[in-house]
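Here's the structure we're looking at; comments come further down.
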Amino acid sequence: MKLLIGQILPYFTVTIFILGMLYRLGRWAGARIVHNITLSPWLQTKGQVVLRVGTEAFLFRNLFIYDKALWAGALLMHFALFNILVGHLVGFGFLGTQFTLIPVLGITPELSLEMSNLFGAIFGIVLFVALLYLLYRRLAKEAVKLVNKPSDNLWLLYLLVLVGIGNIMRFVPDYHIEYILVRDYITALILFRPVVHMELLNNGFFLVHLLLVQILLIVFPFSKLMHVFGMFAERYIVNRVYHDPAPDLPNVDVVAARQAGLGVPDGNTAGEGV
Amino acid sequence: MPEYKGMVQPARASLTELRKIHIEPVPDELKPEKAVEYLDQLRKKFRSFVLAMESCTKCGQCAENCHTYLGTRDPNNIPTNRAELIRKIYKRYFTPEGRWFGKLVGAEDISLDVLEQWYSYFYQCSQCRRCAHVCPFGIDTCEVTFIGRQVLHWLGITPKLHATTGAAMEKSGNHSALPKPGIVDTLEFMSQEIMDEFAVEVEFPVDKPGADIMYIPSSADFLLNPYTLMGAGMFFTYIGANWTIPSTVTEAGNFGFLFDQYSTQRGNVMRLLNAAQELGVKKIVWGECGHGWRAAKMYIPTLADRPVRWPITHIHDEVANLIRNKELKLDPLKNSKPVTLHDPCNYVRACGLNENMRVIIKACVTDFREMNPHGADNFCCGGGAAILFDDPEMYQRRIMFSKQKAEQVKATGVGENGDGILCAPCSICKAQLYPMVEEHNLGVEVKGLIDLVGRALVWK
């Protein structure tokens with residue numbers, strides 16, 4: 001198992017993930033933007049487009065306007081998830097000392113590690129709770145029940161299990177994992193060195209967590225999770241700059257027309273109280 | 001064919017009617033496989049469609065924002081579910097996950113029943129884009145129903161209304177099958193009407209060589225909304241424009257946009273450009289028609305087979321511009337009844353006419369009351385995309401689709417004394433709302449916006 005999940009599968013996962021992404025994004029790119037279907041009122045500058053797409057993508061503008069509860073749940077979920085993903089990268093990368101890199105504040109490595117643990121703990125819980133809310137919403141809200149497919153619920157359950165195991169490793173001292181072990185493991189994988197002997201892989205929770213992440217990455221390019229990129233691809237079509245052609249009728253002189261009394265019967269009414 | 005397995009459906013075009021728009025129906029037994037073939041062809045072309053198929057997370061936000069779902073509570077009228085009718089086929093045939101895990105992701109094999117579902121529900125979509133407007137991703141269900149309708153059309157499944165309208169356009173240059181003598185007669189009659197009612201001399205020049213401006217009215221304005229065309233005539237006379245109406249294109253609408261964007265829509269575009277070239281005009285000005293204006297403004301640049309040499313603007317753009325420049329003298333007291341404005345979907349979510357309509361209406365009436373919601377948030381009248389079917393079952397649906405609109409109008413209170421005006425500056429909105437204001441007892445009269453301009457003009 002350790003050999004399979006810890007040593008062999010990761011290379012397979014990365015390969016499928018990359019090829020899958022190329023396949024899926026290629027499928028999108030292969031089709032063209034044929035007609036101009038920009039939504040109006042139109043954005044007038046590139047800056048406005050960036051602002052609009054940015055607020056949609058990072059603050060969920062439309063959800064905020066039309067469904068506050070979903071907005072709160074979705075934003076918390078995605079914000080926590082984003083922090084956790086980045087946290088994994090920098091936490092393992094810098095062994096928890098990442099916050100010392102922030103200039104001026106003068107954070108010590110010890111404090112940084114504390115902060116890393118604290119943020120990890122907070123976002124781990126927030127993510128779990130937000131996922132629970134989104135699942136509850138799928139099961140309870142009438143309109144959502146009507147559009148739901150089994151895979152929608154399954155993804156939420158899957159993430160709940162994945163995050164749940166992560167939280168166990170974070171909160172149960174017996175299963176806690178030192179950052180250094182993970183870094184060594186990843187480094188070894190990158191350098192194509194054997195990892196099977198590593199102590200880390202004796203932690204069953206870690207092994208399952210790792211397996212679930214890999215399955216997720218394998219399936220990712222073929223799943224609804226691609227909405228992360230779909231967001232930008234779709235917005236690229238419907239939110240773009242458009243300038244109305246200037247209105248102006250050729251050879252029209254309203255003042256002259258009114259002075260000539262056009263349309264007024266018996267012609268010569270020029271000058272009459274216009 | 002008003003119903004199929006519990007689904008309402010509009011009456012279909014007959015074989016003869018289909019042939020008039022150059023379609024040879026596919027035999028039933030071949031329809032499913034051909035549908036997949038056509039779909040494959042289209043999905044490789046339109047990215048807007050691909051993303052609508054592939055980016056939805058089923059958050060459900062579109063449900064409560066679609067007037068067809070609010071009016072019928074039919075789950076298939078939820079925008080994402082409407083798209084799902086095609087998405088389930090898309091997944092099954094064009095994606096690995098659908099091929100291997102069909103049940104899980106909701107993929108389904110194609111069948112005649114599925115095509116019947118498409119026919120029922122894609123022709124219950126008003127293509128109003130309110131779902132695109134509220135969707136967190138901007139997914140446009142309109143792009144899905146366009147393609148669904150296109151596939152159906154190629155299979156030979158087209159509503160009688162759309163097919164005959166498309167054929168009428170090809171034959172006579174307008175949707176109402178009015179021949180040129182009829183047009184000239186009607187316009188002369190309108191001149192007379194204007195003289196009688198407003199004491200103003202207005203001429204409607206048809207095919208005038210050397211005209212600067214080519215005005216494209218909706219053909220419904222000749223018959224159903226005469227005051228809109230009369231208003232336009234009065235406006236052009238008032239400003240002393242050298243204008244004309246081309247007898248070969250007396251139609252602002254373009255039904256091809258709604259059921260056949262390849263052949264019918266492009267044919268109409270080329271017809272327009274030919275007319276502009278023949279008359280040697282400098283500019284094209286569009287009349288009151290929602291889908292037609294979107295088709296003209298946003299689609300001509302990408303549909304024309306040659307460079308478009310004429311700027312094309314909407315009459316509202318021009319009127320608003322002159323009002324802003326204080327060149328029109330308008331007396332709002334001539335429109336003193338309470339007025340509310342129904343924003344045609346294509347104007348506000350696809351063509352940016354939002355502000356200009358308000359500039360005009362505020363200059364023309366004394367008692368203007370906004371609906372809630374309005375502007376880009378506005379709800380469709382329920383007739384959008386020309387789902388103006390008269391079969392009893394479909395007519396019932398139209399009443400349901402307009403429920404949201406009726407509530408909005410009621411809330412403004414314009415109809416309380418039975419003398420309100422519901423300004424709906426779009427021929428399809430007008431055609432839908434004329435009967436609907438009666439069905440819902442709204443106490444309002446439906447009018448166009450240029451109607452109000454014509455009435456408010458001060459001539460001396």
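So you can find residues: chains in the structure tokens are A, B, ... in the order shown, residues in each start at 1, and ligands are numbered from 1 in order.
Near chain A, counting only C-alpha atoms at 6 Å, the chain B residues are B:Lys44, B:Lys45, B:Phe46, B:Arg47, B:Ser55, B:Gly60, B:Leu104, B:Val105, B:Val134, B:Pro136, B:Phe137, B:Val200, B:Glu201, B:Val202, B:Ile239, B:Gly240, B:Ala241, B:Met298, B:Thr302, B:Glu318, B:Arg349, B:Ala350, B:Gly352, B:Lys460.
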*Please provide as a ChimeraX atom specification all residues within 6 Å of Phe49 of chain B, with the sequence filter that same-chain residues fewer than 3 positions apart are discarded (counting only C-alpha atoms).*
/B:46,52,143-144
_atom CA of Pro435 of chain B to atom CA of Cys66 of chain B, distance in Å rounded to a single decimal_ = 21.3 Å
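Residues within 12 Å of Asp74 of chain B, counting only C-alpha atoms and excluding same-chain residues fewer than 4 positions away, are Ala143, Leu146 and Val147 of chain A; Gly6, Met7, Val8, Ala63, Glu64, Cys66, His67, Thr68, Tyr69, Leu70, Ile78, Pro79, Asn81, Arg82, Ser120, Tyr121, Gln124, Arg397, Met400 and Phe401 of chain B.
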Selection: 7 Å around Ala376 of chain B, only C-alpha atoms, excl. self and same-chain fewer than 2 positions, as a PDB file with N, CA and C atoms, in the first residue's frame:
```pdb
ATOM      1  N   VAL B 348     -31.929  45.851 -22.401  1.00  0.00           N
ATOM      2  CA  VAL B 348     -31.172  46.189 -21.185  1.00  0.00           C
ATOM      3  C   VAL B 348     -30.056  45.200 -20.854  1.00  0.00           C
ATOM      4  N   ARG B 349     -30.216  43.933 -21.251  1.00  0.00           N
ATOM      5  CA  ARG B 349     -29.153  42.982 -20.919  1.00  0.00           C
ATOM      6  C   ARG B 349     -28.250  42.652 -22.104  1.00  0.00           C
ATOM      7  N   HIS B 374     -35.945  46.853 -12.027  1.00  0.00           N
ATOM      8  CA  HIS B 374     -35.972  47.406 -13.384  1.00  0.00           C
ATOM      9  C   HIS B 374     -34.558  47.426 -13.960  1.00  0.00           C
ATOM     10  N   ASN B 378     -34.535  43.612 -14.740  1.00  0.00           N
ATOM     11  CA  ASN B 378     -35.951  43.470 -15.047  1.00  0.00           C
ATOM     12  C   ASN B 378     -36.338  42.038 -15.440  1.00  0.00           C
TER      13      ASN B 378
END
```
*Using DSSP on the backbone coordinates, identify the residues of segment 8-257 of chain A assigned to alpha helix (DSSP H); present them as a PyMOL selection string.*
chain A and resi 9-30+46-59+61-66+68-94+109-140+142-147+150-171+179-190+204-219+227-238+254-257
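Omitting Lys20 of chain B and its sequence neighbours fewer than 4 positions away, and counting only C-alpha atoms, the residues within 10 Å are Ser14, Leu15, Thr16, Glu24, Ala163, Thr164, Gly166, Ala167, Ala168, Glu170 and Lys171 of chain B.
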Limited to N, CA and C atoms, could you put the picked residues into a file as a PDB file, in the first residue's frame?
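Ended up saving to again_3.pdb:
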```
ATOM      1  N   SER B  14     -45.573  22.319 -40.771  1.00  0.00           N
ATOM      2  CA  SER B  14     -45.820  21.158 -41.620  1.00  0.00           C
ATOM      3  C   SER B  14     -44.647  20.982 -42.589  1.00  0.00           C
ATOM      4  N   LEU B  15     -44.702  19.875 -43.313  1.00  0.00           N
ATOM      5  CA  LEU B  15     -43.635  19.605 -44.289  1.00  0.00           C
ATOM      6  C   LEU B  15     -43.503  20.755 -45.300  1.00  0.00           C
ATOM      7  N   THR B  16     -44.658  21.201 -45.804  1.00  0.00           N
ATOM      8  CA  THR B  16     -44.625  22.304 -46.783  1.00  0.00           C
ATOM      9  C   THR B  16     -44.003  23.546 -46.164  1.00  0.00           C
ATOM     10  N   GLU B  24     -35.479  19.991 -44.989  1.00  0.00           N
ATOM     11  CA  GLU B  24     -36.049  18.691 -45.311  1.00  0.00           C
ATOM     12  C   GLU B  24     -35.981  17.890 -44.016  1.00  0.00           C
ATOM     13  N   ALA B 163     -41.496  29.092 -38.173  1.00  0.00           N
ATOM     14  CA  ALA B 163     -41.216  28.706 -39.565  1.00  0.00           C
ATOM     15  C   ALA B 163     -41.972  29.595 -40.544  1.00  0.00           C
ATOM     16  N   THR B 164     -43.243  29.845 -40.281  1.00  0.00           N
ATOM     17  CA  THR B 164     -44.020  30.650 -41.232  1.00  0.00           C
ATOM     18  C   THR B 164     -43.545  32.100 -41.210  1.00  0.00           C
ATOM     19  N   GLY B 166     -40.471  33.045 -40.580  1.00  0.00           N
ATOM     20  CA  GLY B 166     -39.214  33.049 -41.325  1.00  0.00           C
ATOM     21  C   GLY B 166     -39.476  33.040 -42.833  1.00  0.00           C
ATOM     22  N   ALA B 167     -40.459  32.256 -43.244  1.00  0.00           N
ATOM     23  CA  ALA B 167     -40.776  32.159 -44.671  1.00  0.00           C
ATOM     24  C   ALA B 167     -41.380  33.462 -45.189  1.00  0.00           C
ATOM     25  N   ALA B 168     -42.229  34.081 -44.372  1.00  0.00           N
ATOM     26  CA  ALA B 168     -42.847  35.349 -44.772  1.00  0.00           C
ATOM     27  C   ALA B 168     -41.777  36.408 -45.000  1.00  0.00           C
ATOM     28  N   GLU B 170     -38.745  35.942 -45.935  1.00  0.00           N
ATOM     29  CA  GLU B 170     -38.022  35.677 -47.182  1.00  0.00           C
ATOM     30  C   GLU B 170     -38.853  36.106 -48.386  1.00  0.00           C
ATOM     31  N   LYS B 171     -40.161  35.872 -48.283  1.00  0.00           N
ATOM     32  CA  LYS B 171     -41.034  36.158 -49.409  1.00  0.00           C
ATOM     33  C   LYS B 171     -41.301  37.650 -49.553  1.00  0.00           C
TER      34      LYS B 171
END
```
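Closest to Met234 of chain B among B:Phe389, B:Asn372, B:Asn268, B:Met190 is B:Met190, based on only C-alpha atoms.
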*asked:* Need the shell around Arg87 of chain B: protein/DNA/RNA residues with any atom at most 12 Å away, counting only C-alpha atoms. Skip same-chain ones fewer than 6 positions apart. Format as a VMD selection string?
replied: chain B and resid 36 39 43 49 to 56 79 to 81 93 to 95 98 102 105 to 110 114 118 141 144 to 145 147 to 148
Export C-alpha atoms of the chosen residues as an mmCIF file, in the first residue's frame?
```cif
data_model
loop_
_atom_site.group_PDB
_atom_site.id
_atom_site.type_symbol
_atom_site.label_atom_id
_atom_site.label_comp_id
_atom_site.auth_asym_id
_atom_site.auth_seq_id
_atom_site.Cartn_x
_atom_site.Cartn_y
_atom_site.Cartn_z
ATOM 1 C CA VAL B 36 -25.955 14.018 -31.752
ATOM 2 C CA LEU B 39 -24.773 18.857 -31.664
ATOM 3 C CA ARG B 43 -20.343 22.366 -29.752
ATOM 4 C CA PHE B 49 -22.232 26.778 -25.406
ATOM 5 C CA VAL B 50 -19.343 24.565 -24.292
ATOM 6 C CA LEU B 51 -18.895 26.596 -21.112
ATOM 7 C CA ALA B 52 -22.598 26.551 -20.349
ATOM 8 C CA MET B 53 -22.357 22.762 -20.625
ATOM 9 C CA GLU B 54 -19.216 22.460 -18.521
ATOM 10 C CA SER B 55 -19.063 25.191 -15.876
ATOM 11 C CA CYS B 56 -22.344 24.960 -14.009
ATOM 12 C CA PRO B 79 -32.496 27.616 -16.315
ATOM 13 C CA THR B 80 -29.829 25.099 -15.341
ATOM 14 C CA ASN B 81 -32.324 22.265 -15.680
ATOM 15 C CA TYR B 93 -21.543 11.584 -25.947
ATOM 16 C CA PHE B 94 -18.772 14.156 -25.608
ATOM 17 C CA THR B 95 -17.179 13.730 -22.171
ATOM 18 C CA GLY B 98 -20.436 10.972 -18.910
ATOM 19 C CA GLY B 102 -23.231 8.388 -16.684
ATOM 20 C CA VAL B 105 -23.118 12.905 -13.387
ATOM 21 C CA GLY B 106 -26.600 12.625 -14.873
ATOM 22 C CA ALA B 107 -25.766 11.636 -18.446
ATOM 23 C CA GLU B 108 -28.457 10.082 -20.630
ATOM 24 C CA ASP B 109 -28.752 8.389 -23.997
ATOM 25 C CA ILE B 110 -30.370 10.351 -26.798
ATOM 26 C CA VAL B 114 -35.369 13.735 -25.216
ATOM 27 C CA TRP B 118 -36.083 19.925 -25.980
ATOM 28 C CA THR B 141 -28.822 29.646 -20.979
ATOM 29 C CA VAL B 144 -27.999 26.665 -24.925
ATOM 30 C CA THR B 145 -31.518 27.158 -26.179
ATOM 31 C CA ILE B 147 -28.292 25.688 -30.121
ATOM 32 C CA GLY B 148 -31.081 23.372 -29.022
#
```
Just want the 10 Å neighbourhood of Lys403 of chain B, counted on only C-alpha atoms, with same-chain residues fewer than 2 positions away dropped. Output as a PDB file with N, CA, C and O atoms, in the first residue's frame.
```pdb
ATOM      1  N   HIS B  67     -38.429  33.972 -14.774  1.00  0.00           N
ATOM      2  CA  HIS B  67     -39.875  34.177 -14.743  1.00  0.00           C
ATOM      3  C   HIS B  67     -40.637  32.931 -15.174  1.00  0.00           C
ATOM      4  O   HIS B  67     -41.761  32.728 -14.750  1.00  0.00           O
ATOM      5  N   THR B  68     -40.021  32.080 -16.004  1.00  0.00           N
ATOM      6  CA  THR B  68     -40.780  30.898 -16.443  1.00  0.00           C
ATOM      7  C   THR B  68     -40.894  29.892 -15.300  1.00  0.00           C
ATOM      8  O   THR B  68     -41.925  29.252 -15.126  1.00  0.00           O
ATOM      9  N   LEU B  70     -40.723  30.798 -12.033  1.00  0.00           N
ATOM     10  CA  LEU B  70     -41.572  31.450 -11.031  1.00  0.00           C
ATOM     11  C   LEU B  70     -43.045  31.332 -11.417  1.00  0.00           C
ATOM     12  O   LEU B  70     -43.906  31.175 -10.556  1.00  0.00           O
ATOM     13  N   GLY B  71     -43.320  31.389 -12.717  1.00  0.00           N
ATOM     14  CA  GLY B  71     -44.713  31.350 -13.158  1.00  0.00           C
ATOM     15  C   GLY B  71     -45.297  29.952 -13.221  1.00  0.00           C
ATOM     16  O   GLY B  71     -46.494  29.772 -13.016  1.00  0.00           O
ATOM     17  N   THR B  72     -44.460  28.942 -13.508  1.00  0.00           N
ATOM     18  CA  THR B  72     -45.013  27.592 -13.706  1.00  0.00           C
ATOM     19  C   THR B  72     -44.614  26.610 -12.615  1.00  0.00           C
ATOM     20  O   THR B  72     -45.251  25.574 -12.454  1.00  0.00           O
ATOM     21  N   CYS B 381     -41.323  39.885 -20.158  1.00  0.00           N
ATOM     22  CA  CYS B 381     -42.782  39.941 -20.262  1.00  0.00           C
ATOM     23  C   CYS B 381     -43.381  38.544 -20.366  1.00  0.00           C
ATOM     24  O   CYS B 381     -44.580  38.358 -20.197  1.00  0.00           O
ATOM     25  N   GLY B 382     -42.546  37.550 -20.677  1.00  0.00           N
ATOM     26  CA  GLY B 382     -43.042  36.185 -20.833  1.00  0.00           C
ATOM     27  C   GLY B 382     -43.238  35.789 -22.282  1.00  0.00           C
ATOM     28  O   GLY B 382     -43.605  34.656 -22.577  1.00  0.00           O
ATOM     29  N   ARG B 397     -49.570  28.858 -20.760  1.00  0.00           N
ATOM     30  CA  ARG B 397     -48.188  29.063 -20.290  1.00  0.00           C
ATOM     31  C   ARG B 397     -47.812  30.539 -20.363  1.00  0.00           C
ATOM     32  O   ARG B 397     -47.151  31.068 -19.485  1.00  0.00           O
ATOM     33  N   ARG B 398     -48.226  31.203 -21.450  1.00  0.00           N
ATOM     34  CA  ARG B 398     -47.879  32.624 -21.588  1.00  0.00           C
ATOM     35  C   ARG B 398     -48.449  33.436 -20.434  1.00  0.00           C
ATOM     36  O   ARG B 398     -47.826  34.374 -19.949  1.00  0.00           O
ATOM     37  N   ILE B 399     -49.658  33.048 -20.009  1.00  0.00           N
ATOM     38  CA  ILE B 399     -50.239  33.754 -18.868  1.00  0.00           C
ATOM     39  C   ILE B 399     -49.369  33.525 -17.628  1.00  0.00           C
ATOM     40  O   ILE B 399     -49.075  34.447 -16.870  1.00  0.00           O
ATOM     41  N   MET B 400     -48.925  32.274 -17.458  1.00  0.00           N
ATOM     42  CA  MET B 400     -48.074  31.964 -16.300  1.00  0.00           C
ATOM     43  C   MET B 400     -46.738  32.705 -16.382  1.00  0.00           C
ATOM     44  O   MET B 400     -46.238  33.218 -15.395  1.00  0.00           O
ATOM     45  N   PHE B 401     -46.178  32.732 -17.596  1.00  0.00           N
ATOM     46  CA  PHE B 401     -44.867  33.390 -17.760  1.00  0.00           C
ATOM     47  C   PHE B 401     -44.939  34.891 -17.460  1.00  0.00           C
ATOM     48  O   PHE B 401     -43.937  35.506 -17.117  1.00  0.00           O
ATOM     49  N   LYS B 405     -44.359  39.684 -14.322  1.00  0.00           N
ATOM     50  CA  LYS B 405     -44.514  41.020 -14.900  1.00  0.00           C
ATOM     51  C   LYS B 405     -45.768  41.685 -14.366  1.00  0.00           C
ATOM     52  O   LYS B 405     -45.760  42.855 -13.987  1.00  0.00           O
ATOM     53  N   ALA B 406     -46.861  40.904 -14.304  1.00  0.00           N
ATOM     54  CA  ALA B 406     -48.122  41.455 -13.814  1.00  0.00           C
ATOM     55  C   ALA B 406     -47.958  41.975 -12.391  1.00  0.00           C
ATOM     56  O   ALA B 406     -48.425  43.072 -12.054  1.00  0.00           O
ATOM     57  N   GLU B 407     -47.263  41.202 -11.556  1.00  0.00           N
ATOM     58  CA  GLU B 407     -47.067  41.643 -10.174  1.00  0.00           C
ATOM     59  C   GLU B 407     -46.249  42.924 -10.111  1.00  0.00           C
ATOM     60  O   GLU B 407     -46.533  43.819  -9.312  1.00  0.00           O
ATOM     61  N   GLN B 408     -45.237  42.982 -10.996  1.00  0.00           N
ATOM     62  CA  GLN B 408     -44.416  44.202 -11.019  1.00  0.00           C
ATOM     63  C   GLN B 408     -45.256  45.424 -11.400  1.00  0.00           C
ATOM     64  O   GLN B 408     -45.116  46.482 -10.796  1.00  0.00           O
ATOM     65  N   VAL B 409     -46.094  45.249 -12.432  1.00  0.00           N
ATOM     66  CA  VAL B 409     -46.902  46.378 -12.893  1.00  0.00           C
ATOM     67  C   VAL B 409     -47.882  46.795 -11.797  1.00  0.00           C
ATOM     68  O   VAL B 409     -48.036  47.978 -11.498  1.00  0.00           O
ATOM     69  N   MET B 436     -52.037  40.082 -22.232  1.00  0.00           N
ATOM     70  CA  MET B 436     -51.733  39.756 -20.843  1.00  0.00           C
ATOM     71  C   MET B 436     -52.226  40.811 -19.849  1.00  0.00           C
ATOM     72  O   MET B 436     -52.569  40.500 -18.726  1.00  0.00           O
ATOM     73  N   GLU B 439     -55.614  39.665 -19.269  1.00  0.00           N
ATOM     74  CA  GLU B 439     -55.674  38.426 -18.472  1.00  0.00           C
ATOM     75  C   GLU B 439     -55.430  38.714 -16.996  1.00  0.00           C
ATOM     76  O   GLU B 439     -56.019  38.090 -16.124  1.00  0.00           O
ATOM     77  N   HIS B 440     -54.518  39.622 -16.715  1.00  0.00           N
ATOM     78  CA  HIS B 440     -54.171  39.904 -15.317  1.00  0.00           C
ATOM     79  C   HIS B 440     -54.878  41.148 -14.773  1.00  0.00           C
ATOM     80  O   HIS B 440     -54.586  41.580 -13.660  1.00  0.00           O
TER      81      HIS B 440
END
```
*Find, counting only C-alpha atoms, the residue in A:Val104, A:Val14, A:Val182, A:Val241 that gets nearest to Gly91 of chain A.*
A:Val182
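Distance check against Phe235 of chain B using only C-alpha atoms: of B:Tyr215, B:Val249, B:Val26, B:Trp154, the minimum falls on B:Tyr215.
For the pair atom CA of His78 of chain A and atom CA of Trp155 of chain A, the interatomic distance is 14.1 Å.
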